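So this block is structure.csv, CSV, C-alpha atoms:
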```csv
chain,number,residue,atom,x,y,z
A,1,MET,CA,95.1,189.6,-61.7
A,2,LYS,CA,91.9,188.5,-63.4
A,3,LEU,CA,89.8,185.9,-61.6
A,4,ARG,CA,87.1,183.8,-63.2
A,5,ILE,CA,84.7,181.2,-61.8
A,6,THR,CA,85.2,177.7,-63.1
A,7,TYR,CA,82.9,174.6,-63.1
A,8,ASN,CA,85.8,172.8,-61.5
A,9,ALA,CA,84.1,169.6,-60.3
A,10,PRO,CA,81.4,168.8,-62.9
A,11,VAL,CA,80.1,165.6,-61.3
A,12,VAL,CA,79.9,167.0,-57.7
A,13,LEU,CA,78.4,170.3,-58.8
A,14,THR,CA,75.9,168.7,-61.1
A,15,PHE,CA,75.0,166.2,-58.4
A,16,THR,CA,74.4,169.1,-56.0
A,17,LEU,CA,72.3,171.1,-58.4
A,18,ALA,CA,70.2,168.0,-59.3
A,19,ALA,CA,69.5,167.3,-55.6
A,20,VAL,CA,68.4,171.0,-55.1
A,21,ALA,CA,66.2,170.8,-58.2
A,22,VAL,CA,64.7,167.5,-57.0
A,23,PHE,CA,64.0,168.9,-53.5
A,24,VAL,CA,62.2,171.9,-55.0
A,25,LEU,CA,60.3,169.6,-57.4
A,26,THR,CA,59.2,167.4,-54.5
A,27,GLN,CA,57.9,170.4,-52.6
A,28,VAL,CA,55.7,171.7,-55.4
A,29,VAL,CA,54.6,168.5,-57.2
A,30,ASP,CA,52.4,166.0,-55.4
A,31,GLY,CA,53.7,162.5,-55.6
A,32,ALA,CA,57.1,163.4,-57.1
A,33,THR,CA,58.9,162.1,-54.0
A,34,ALA,CA,57.9,158.6,-54.9
A,35,TRP,CA,60.5,158.6,-57.7
A,36,PHE,CA,63.4,159.6,-55.3
A,37,VAL,CA,63.1,156.9,-52.6
A,38,ALA,CA,64.7,153.5,-52.1
A,39,TYR,CA,61.9,151.1,-51.2
A,40,PRO,CA,62.2,148.0,-49.0
A,41,ARG,CA,60.7,145.8,-51.7
A,42,LEU,CA,60.3,145.9,-55.5
A,43,GLY,CA,56.9,146.1,-57.1
A,44,ASN,CA,56.6,149.1,-59.5
A,45,ALA,CA,58.7,151.4,-61.6
A,46,HIS,CA,59.2,153.8,-58.7
A,47,ALA,CA,61.0,151.0,-56.8
A,48,TYR,CA,63.4,150.2,-59.6
A,49,VAL,CA,64.2,153.8,-60.4
A,50,GLY,CA,64.6,154.6,-56.7
A,51,LEU,CA,67.5,152.2,-56.4
A,52,PHE,CA,69.6,155.0,-58.0
A,53,THR,CA,67.6,158.2,-57.6
A,54,HIS,CA,67.1,158.0,-53.8
A,55,ILE,CA,70.4,159.8,-53.4
A,56,LEU,CA,68.7,162.9,-54.9
A,57,GLY,CA,65.7,163.0,-52.6
A,58,HIS,CA,65.8,164.7,-49.2
A,59,GLN,CA,63.3,165.2,-46.4
A,60,ASN,CA,64.0,168.9,-45.7
A,61,TRP,CA,66.6,171.6,-46.3
A,62,GLU,CA,68.6,170.6,-43.2
A,63,HIS,CA,68.9,167.1,-44.5
A,64,LEU,CA,70.0,168.3,-47.9
A,65,LEU,CA,72.5,170.9,-46.5
A,66,GLY,CA,74.0,168.5,-44.0
A,67,ASN,CA,74.8,166.0,-46.8
A,68,PHE,CA,76.0,168.4,-49.4
A,69,MET,CA,78.2,170.5,-47.1
A,70,LEU,CA,80.3,167.3,-46.8
A,71,ILE,CA,80.0,166.3,-50.5
A,72,LEU,CA,81.0,169.8,-51.6
A,73,LEU,CA,83.9,169.9,-49.2
A,74,ILE,CA,85.3,166.4,-50.1
A,75,GLY,CA,83.9,165.7,-53.5
A,76,PRO,CA,86.0,168.1,-55.6
A,77,ILE,CA,89.2,166.8,-54.1
A,78,LEU,CA,88.1,163.2,-54.9
A,79,GLU,CA,87.0,164.2,-58.4
A,80,GLU,CA,90.4,165.7,-59.1
A,81,ARG,CA,92.2,162.7,-57.7
A,82,HIS,CA,90.1,159.9,-59.4
A,83,GLY,CA,88.6,161.7,-62.4
A,84,SER,CA,85.0,162.7,-63.1
A,85,VAL,CA,83.9,159.4,-64.8
A,86,GLN,CA,85.3,157.2,-62.0
A,87,LEU,CA,83.7,159.4,-59.3
A,88,LEU,CA,80.4,159.2,-61.1
A,89,VAL,CA,80.7,155.4,-61.2
A,90,MET,CA,81.5,155.3,-57.5
A,91,ILE,CA,78.4,157.5,-56.7
A,92,LEU,CA,76.1,155.3,-58.8
A,93,VAL,CA,77.5,152.1,-57.4
A,94,THR,CA,77.1,153.4,-53.8
A,95,ALA,CA,73.5,154.3,-54.6
A,96,LEU,CA,72.8,150.9,-56.1
A,97,VAL,CA,74.5,149.0,-53.2
A,98,THR,CA,72.6,151.1,-50.7
A,99,GLY,CA,69.3,150.5,-52.5
A,100,LEU,CA,69.9,146.7,-52.7
A,101,ALA,CA,70.9,146.6,-49.0
A,102,ASN,CA,67.7,148.3,-48.1
A,103,LEU,CA,65.8,145.7,-50.2
A,104,ALA,CA,67.6,142.9,-48.4
A,105,PHE,CA,67.6,144.2,-44.8
A,106,GLY,CA,65.5,147.3,-44.6
A,107,HIS,CA,61.9,147.8,-43.5
A,108,ASN,CA,61.5,151.5,-44.4
A,109,MET,CA,61.9,153.8,-47.4
A,110,VAL,CA,65.3,155.5,-47.6
A,111,LEU,CA,66.2,158.8,-49.2
A,112,GLY,CA,69.2,161.1,-49.2
A,113,ALA,CA,72.8,161.3,-50.2
A,114,SER,CA,74.3,160.5,-46.8
A,115,GLY,CA,75.5,157.1,-48.1
A,116,VAL,CA,77.4,159.0,-50.8
A,117,ALA,CA,78.8,161.4,-48.2
A,118,PHE,CA,80.0,158.5,-46.1
A,119,MET,CA,81.5,156.8,-49.1
A,120,MET,CA,83.5,160.0,-49.8
A,121,ILE,CA,84.6,160.4,-46.2
A,122,LEU,CA,86.1,156.9,-46.2
A,123,LEU,CA,87.5,157.2,-49.7
A,124,ALA,CA,89.2,160.5,-48.8
A,125,SER,CA,90.7,159.0,-45.7
A,126,MET,CA,92.4,156.4,-47.8
A,127,ALA,CA,94.2,158.9,-50.0
A,128,ASN,CA,97.6,157.6,-48.7
A,129,VAL,CA,97.0,153.9,-48.9
A,130,ARG,CA,99.7,152.0,-50.7
A,131,GLY,CA,100.1,148.3,-51.3
A,132,GLY,CA,100.6,146.5,-47.9
A,133,GLU,CA,100.1,149.7,-45.9
A,134,ILE,CA,97.0,151.1,-44.1
A,135,PRO,CA,97.3,154.6,-42.7
A,136,LEU,CA,96.4,155.1,-39.1
A,137,SER,CA,94.2,158.1,-40.2
A,138,PHE,CA,92.0,155.7,-42.1
A,139,ILE,CA,91.5,153.4,-39.0
A,140,ALA,CA,90.7,156.5,-36.9
A,141,VAL,CA,88.1,157.7,-39.4
A,142,ALA,CA,86.6,154.2,-39.8
A,143,VAL,CA,86.3,153.9,-36.0
A,144,ILE,CA,84.9,157.4,-35.5
A,145,TYR,CA,82.4,157.4,-38.3
A,146,LEU,CA,81.4,153.8,-38.8
A,147,GLY,CA,81.7,152.9,-35.1
A,148,GLY,CA,79.5,155.9,-34.3
A,149,GLU,CA,76.9,154.8,-36.8
A,150,ILE,CA,76.8,151.3,-35.3
A,151,VAL,CA,76.2,152.7,-31.9
A,152,ARG,CA,73.5,155.2,-33.2
A,153,SER,CA,71.8,152.4,-35.2
A,154,PHE,CA,70.2,151.3,-31.9
A,155,ASN,CA,68.4,154.7,-31.7
A,156,ASN,CA,64.9,155.2,-33.1
A,157,ASP,CA,65.8,158.5,-34.8
A,158,GLN,CA,64.4,158.0,-38.3
A,159,VAL,CA,67.9,158.0,-39.8
A,160,SER,CA,69.1,155.2,-42.0
A,161,HIS,CA,72.3,154.3,-40.3
A,162,MET,CA,72.5,151.3,-42.6
A,163,ALA,CA,72.9,153.7,-45.6
A,164,HIS,CA,75.8,155.4,-43.8
A,165,LEU,CA,77.5,152.0,-43.0
A,166,VAL,CA,77.0,150.7,-46.5
A,167,GLY,CA,78.2,154.0,-48.1
A,168,GLY,CA,81.3,154.0,-45.8
A,169,SER,CA,82.0,150.4,-46.6
A,170,VAL,CA,81.7,151.0,-50.3
A,171,GLY,CA,84.1,154.0,-50.0
A,172,ALA,CA,86.6,151.8,-48.1
A,173,VAL,CA,86.5,149.1,-50.9
A,174,PHE,CA,87.0,151.8,-53.6
A,175,GLY,CA,89.9,153.2,-51.6
A,176,PHE,CA,91.6,149.8,-51.4
A,177,LEU,CA,90.9,149.2,-55.1
A,178,ALA,CA,92.4,152.5,-56.0
A,179,ALA,CA,95.5,152.0,-53.8
A,180,ARG,CA,98.7,152.0,-55.9
A,181,PRO,CA,101.6,149.8,-54.7
A,182,LYS,CA,104.8,151.7,-54.2
A,183,THR,CA,107.5,150.6,-56.5
A,184,ALA,CA,111.2,150.5,-55.6
A,185,LYS,CA,111.8,153.5,-57.9
A,186,ALA,CA,109.0,155.5,-56.2
A,187,LYS,CA,110.3,154.7,-52.8
A,188,LYS,CA,113.8,155.9,-53.8
A,189,SER,CA,112.5,159.1,-55.3
A,190,ASP,CA,110.5,159.8,-52.1
A,191,LEU,CA,113.7,159.4,-50.0
A,192,SER,CA,115.6,161.7,-52.3
A,193,LYS,CA,113.2,164.5,-51.5
A,194,ILE,CA,113.9,164.4,-47.7
A,195,LYS,CA,116.1,167.2,-46.5
A,196,ILE,CA,118.0,167.0,-43.2
```
The structure given in the file should be rewritten as structure tokens.
Amino acid sequence: MKLRITYNAPVVLTFTLAAVAVFVLTQVVDGATAWFVAYPRLGNAHAYVGLFTHILGHQNWEHLLGNFMLILLIGPILEERHGSVQLLVMILVTALVTGLANLAFGHNMVLGASGVAFMMILLASMANVRGGEIPLSFIAVAVIYLGGEIVRSFNNDQVSHMAHLVGGSVGAVFGFLAARPKTAKAKKSDLSKIKI
């Protein structure tokens, strides 16, 4: 059997490679980080660009690896389920909403893809959502991840818990929007597959 390596999740893999390239760039070029940060106020070109590009900037390797271990684990599954274009739109919307939330409520600069990681966690937990039904697994994930972030937001730990909460909330909204109602025909075919 002949095996070959495939670029199976182009959006997730390109996002990962771009974040690694940006991290290397910010380590070797003075001032490059300014383009990959979400600012608490608008005032120059960096601030406008940073509304989107802050998801590529990371403080250190541990920060980058922590985010992209989750993104590389969950992202390809979501990209296969929702499609590359739709996932790219979700990532960009999450970046923008996080950047705007930081403008509205933040006092510090924000960088990193943790908001995107939380969006993917909540979106993945809603894989089985159907019209009129909410899976208990989604509620458990929301309580554990978002509840934990609310508790940790009172710590002075230099982590943007707001970005995590915003990303998770955006993922939940995308999950509900992507939910497909079960039709009578689909319900009947599901029952026909059950063996006793």
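Atom CA of A:Val166 is positioned 16.0 Å from atom CA of A:Ser125.
Between atom CA of A:Val97 and atom CA of A:Leu65 lies a distance of 23.0 Å.
Here the question is which of A:Trp61, A:Pro40, A:Gly147, A:Tyr7 gets nearest to A:Thr26 using all atoms listed in the file, and that residue is A:Trp61.
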**Atomic separation - atom CA of A:Phe68 relative to atom CA of A:Trp35, Å** = 20.1 Å
**Fill in**
Using only C-alpha atoms, the residue out of A:Ile5, A:Val11, A:Met69, A:Val141 with shortest distance to A:Leu88 is A:Val11
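Nearest residue to A:Met120 among A:Phe138, A:His82, A:Gly167, A:Gly148 is A:Gly167, counting only C-alpha atoms.
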**Asked** Which of these residues is nearest to A:His46, using all atoms listed in the file: A:Met109, A:Ala104, A:Ala163, A:Ala179?
**Response** A:Met109
Could you give me, as a Markdown table, a per-residue list for stretch 80-167 of chain A showing, wherever an atom lies at most 10 Å from an atom of stretch 15-24 of chain A, the closest pair of atoms and their distance in Å to one decimal, using only C-alpha atoms and sorting by chain then residue number from low to high?
```
| residue | atom | partner | partner_atom | distance |
| --- | --- | --- | --- | --- |
| A:Leu88 | CA | A:Phe15 | CA | 9.2 |
| A:Ile91 | CA | A:Phe15 | CA | 9.5 |
| A:Gly112 | CA | A:Ala19 | CA | 8.9 |
| A:Ala113 | CA | A:Ala19 | CA | 8.7 |
```
Per residue of stretch 18-111 of chain A within 12 Å of stretch 172-175 of chain A, which atom pair is closest and at what distance in Å (one decimal), using all atoms listed in the file, listed by chain and increasing number, as a Markdown table?
```
| residue | atom | partner | partner_atom | distance |
| --- | --- | --- | --- | --- |
| A:Leu78 | CA | A:Gly175 | CA | 10.7 |
| A:Arg81 | CA | A:Gly175 | CA | 11.5 |
| A:His82 | CA | A:Gly175 | CA | 10.3 |
| A:Gln86 | CA | A:Phe174 | CA | 10.1 |
| A:Leu87 | CA | A:Phe174 | CA | 10.1 |
| A:Val89 | CA | A:Phe174 | CA | 10.5 |
| A:Met90 | CA | A:Phe174 | CA | 7.6 |
| A:Ile91 | CA | A:Phe174 | CA | 10.8 |
| A:Val93 | CA | A:Phe174 | CA | 10.2 |
| A:Thr94 | CA | A:Phe174 | CA | 10.0 |
```
**Message:** List as a ChimeraX atom specification the protein and nucleic acid residues near A:His58, meaning an atom at most 7 Å away when only C-alpha atoms are counted, but skip any in the same chain fewer than 2 places from it.
**Reply:** /A:23,56,60,63-64,111-112
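Shortest atom-to-atom contact with A:Leu92 among A:Ala142, A:Leu51, A:Met126, A:Ile134: A:Leu51, counting only C-alpha atoms.
Each of A:Leu122, A:Leu136, A:Val129, A:Val143 was checked against A:Gly168 using all atoms listed in the file; the smallest atom-to-atom distance is that of A:Leu122.
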Excluding A:Ala95 and its own-chain neighbours fewer than 5 positions away, which residues fall within 8 Å of it when counting all atoms listed in the file? Please give them as a PDB file with C-alpha atoms, in the frame of the given file.
```pdb
ATOM      1  CA  LEU A  51      67.500 152.200 -56.400  1.00  0.00           C
ATOM      2  CA  PHE A  52      69.600 155.000 -58.000  1.00  0.00           C
ATOM      3  CA  THR A  53      67.600 158.200 -57.600  1.00  0.00           C
ATOM      4  CA  HIS A  54      67.100 158.000 -53.800  1.00  0.00           C
ATOM      5  CA  ILE A  55      70.400 159.800 -53.400  1.00  0.00           C
ATOM      6  CA  GLY A 115      75.500 157.100 -48.100  1.00  0.00           C
ATOM      7  CA  VAL A 116      77.400 159.000 -50.800  1.00  0.00           C
TER       8      VAL A 116
END
```
Just want the 9 Å neighbourhood of A:Leu72, counted on only C-alpha atoms, with same-chain residues fewer than 5 positions away dropped. Output as a JSON list (two decimals) with C-alpha atoms, in the frame of the given file.
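See out07.json below for the written result:
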```
[["chain", "number", "residue", "atom", "x", "y", "z"],
["A", 12, "VAL", "CA", 79.90, 167.00, -57.70],
["A", 13, "LEU", "CA", 78.40, 170.30, -58.80],
["A", 16, "THR", "CA", 74.40, 169.10, -56.00],
["A", 67, "ASN", "CA", 74.80, 166.00, -46.80]]
```
